[in-house]
Amino acid sequence: MNTIRIDRSGSLSVDGSKVFGQIERVNVRGVMIIDSAALQGSSGKKKVFSGYDDADITIVMKLLETADGGSDRYNALTTVGNAFKKMESGVPVIYAIEGDLFQALNVRHVLFMGLDVDDDNEDDTLQVNISFAEHDPVIALVQQQQSGSDQAADDGAADGITVSEADQQSFTELEGFYG
């Protein structure tokens, strides 16, 4: 599996290859999903908690120009673009993400969403914002649900998670799409 690693020194590696540049900050945003419905005869709306949405991750880094000409910021930008715009069998690559922040937030897999670049000619840098969305591969969700239903059947619990044949078919189709 393709891997993104951010170490404590602020360096970024993709599949073991270090990306030339310095990470300035990493932003992870996770939000709660709330459905609301108007109640007749009530002045407000009833809010129903539906879970948590996938986290949005942004890595902000500077690609630097070295005085000795050893690294060109535009070559580094090409490297970044090629590292994250990968496709396999016509679908975007899912990356395993490693680092203390992601471990603490239980974010394991991400999908590349976009690249924003600001060119600052005054100090010979490029500021790069790399955006990702948290992504749980479909097969992992199926395995979690199946293990939940197996456990519920073993325990005789009525409230275990089960996977219907239609859900299993949907997961299988999505797995073919996402890998």
# chains A, B, ... in the order shown; residues from 1 in each chain; ligands from 1

call {"tool": "residues_around", "arguments": {"residues": "A:Leu64", "least_positions_apart": "4", "cutoff": "9 Å", "atoms": "only C-alpha atoms", "output": "PyMOL selection string"}}
result
chain A and resi 20-22+71-73+76+123-127

call {"tool": "closest_atom_pairs", "arguments": {"of": "stretch 6-47 of chain A", "to": "stretch 101-104 of chain A", "cutoff": "10 Å", "atoms": "only C-alpha atoms", "output": "Markdown table"}}
result
| residue | atom | partner | partner_atom | distance |
| --- | --- | --- | --- | --- |
| A:Ile6 | CA | A:Leu101 | CA | 9.0 |
| A:Asp7 | CA | A:Leu101 | CA | 9.8 |
| A:Arg8 | CA | A:Leu101 | CA | 9.7 |
| A:Val26 | CA | A:Leu101 | CA | 8.8 |
| A:Asn27 | CA | A:Leu101 | CA | 9.7 |
| A:Val28 | CA | A:Phe102 | CA | 8.6 |

call {"tool": "residues_around", "arguments": {"residues": "A:Val14", "least_positions_apart": "2", "cutoff": "9 Å", "atoms": "only C-alpha atoms", "output": "short mmCIF file (atom, residue, chain, number, x, y, z; two decimals) with C-alpha atoms, in the first residue's frame"}}
result
data_model
loop_
_atom_site.label_atom_id
_atom_site.label_comp_id
_atom_site.auth_asym_id
_atom_site.auth_seq_id
_atom_site.Cartn_x
_atom_site.Cartn_y
_atom_site.Cartn_z
CA ASN A 2 1.18 3.56 -0.68
CA THR A 3 2.28 5.31 2.51
CA ILE A 4 2.58 8.92 3.63
CA ARG A 5 4.77 9.56 6.68
CA LEU A 12 7.16 14.42 4.54
CA GLY A 16 9.84 6.00 1.71
CA SER A 17 11.05 8.88 -0.50
CA LYS A 18 11.47 12.21 1.25
CA VAL A 19 9.76 15.20 -0.36
CA VAL A 80 4.76 16.41 -4.99
CA ALA A 83 3.46 11.54 -5.67
CA PHE A 84 -0.18 12.27 -4.95
#

call {"tool": "residues_around", "arguments": {"residues": "A:Val31", "least_positions_apart": "5", "cutoff": "10 Å", "atoms": "only C-alpha atoms", "output": "list in words"}}
result
Gly51, Tyr52, Asp53, Asp54, Ala55 and Asp56 of chain A

call {"tool": "write_last_selection", "arguments": {"atoms": "N, CA and C atoms", "output": "mmCIF file, in the first residue's frame"}}
result
data_model
loop_
_atom_site.group_PDB
_atom_site.id
_atom_site.type_symbol
_atom_site.label_atom_id
_atom_site.label_comp_id
_atom_site.auth_asym_id
_atom_site.auth_seq_id
_atom_site.Cartn_x
_atom_site.Cartn_y
_atom_site.Cartn_z
ATOM 1 N N GLY A 51 -23.519 10.640 13.711
ATOM 2 C CA GLY A 51 -22.152 10.131 13.686
ATOM 3 C C GLY A 51 -21.168 11.235 13.368
ATOM 4 N N TYR A 52 -20.000 10.855 12.909
ATOM 5 C CA TYR A 52 -18.948 11.804 12.564
ATOM 6 C C TYR A 52 -18.578 11.652 11.100
ATOM 7 N N ASP A 53 -18.354 12.778 10.456
ATOM 8 C CA ASP A 53 -17.948 12.789 9.060
ATOM 9 C C ASP A 53 -16.456 12.436 8.970
ATOM 10 N N ASP A 54 -16.008 12.032 7.791
ATOM 11 C CA ASP A 54 -14.596 11.772 7.578
ATOM 12 C C ASP A 54 -13.804 13.046 7.817
ATOM 13 N N ALA A 55 -12.621 12.910 8.359
ATOM 14 C CA ALA A 55 -11.764 14.061 8.646
ATOM 15 C C ALA A 55 -11.205 14.641 7.351
ATOM 16 N N ASP A 56 -11.061 15.964 7.326
ATOM 17 C CA ASP A 56 -10.380 16.667 6.241
ATOM 18 C C ASP A 56 -8.985 17.016 6.740
#

call {"tool": "closest_residue", "arguments": {"among": "A:Val110, A:Lys86, A:Glu24, A:Lys46", "to": "A:Asn129", "atoms": "only C-alpha atoms"}}
result
A:Glu24

call {"tool": "atom_distance", "arguments": {"atom1": "atom CA of A:Ser36", "atom2": "atom CA of A:Val48"}}
result
6.0 Å

call {"tool": "atom_distance", "arguments": {"atom1": "atom CA of A:Met113", "atom2": "atom CA of A:Asp136"}}
result
14.7 Å

call {"tool": "closest_residue", "arguments": {"among": "A:Asp120, A:Asn82, A:Asp15, A:Ser9", "to": "A:Asp100", "atoms": "only C-alpha atoms"}}
result
A:Ser9

call {"tool": "atom_distance", "arguments": {"atom1": "atom CA of A:Ser50", "atom2": "atom CA of A:Arg29"}}
result
17.2 Å

call {"tool": "closest_residue", "arguments": {"among": "A:Gly30, A:Ile94, A:Ile23, A:Glu65", "to": "A:Glu122", "atoms": "only C-alpha atoms"}}
result
A:Glu65
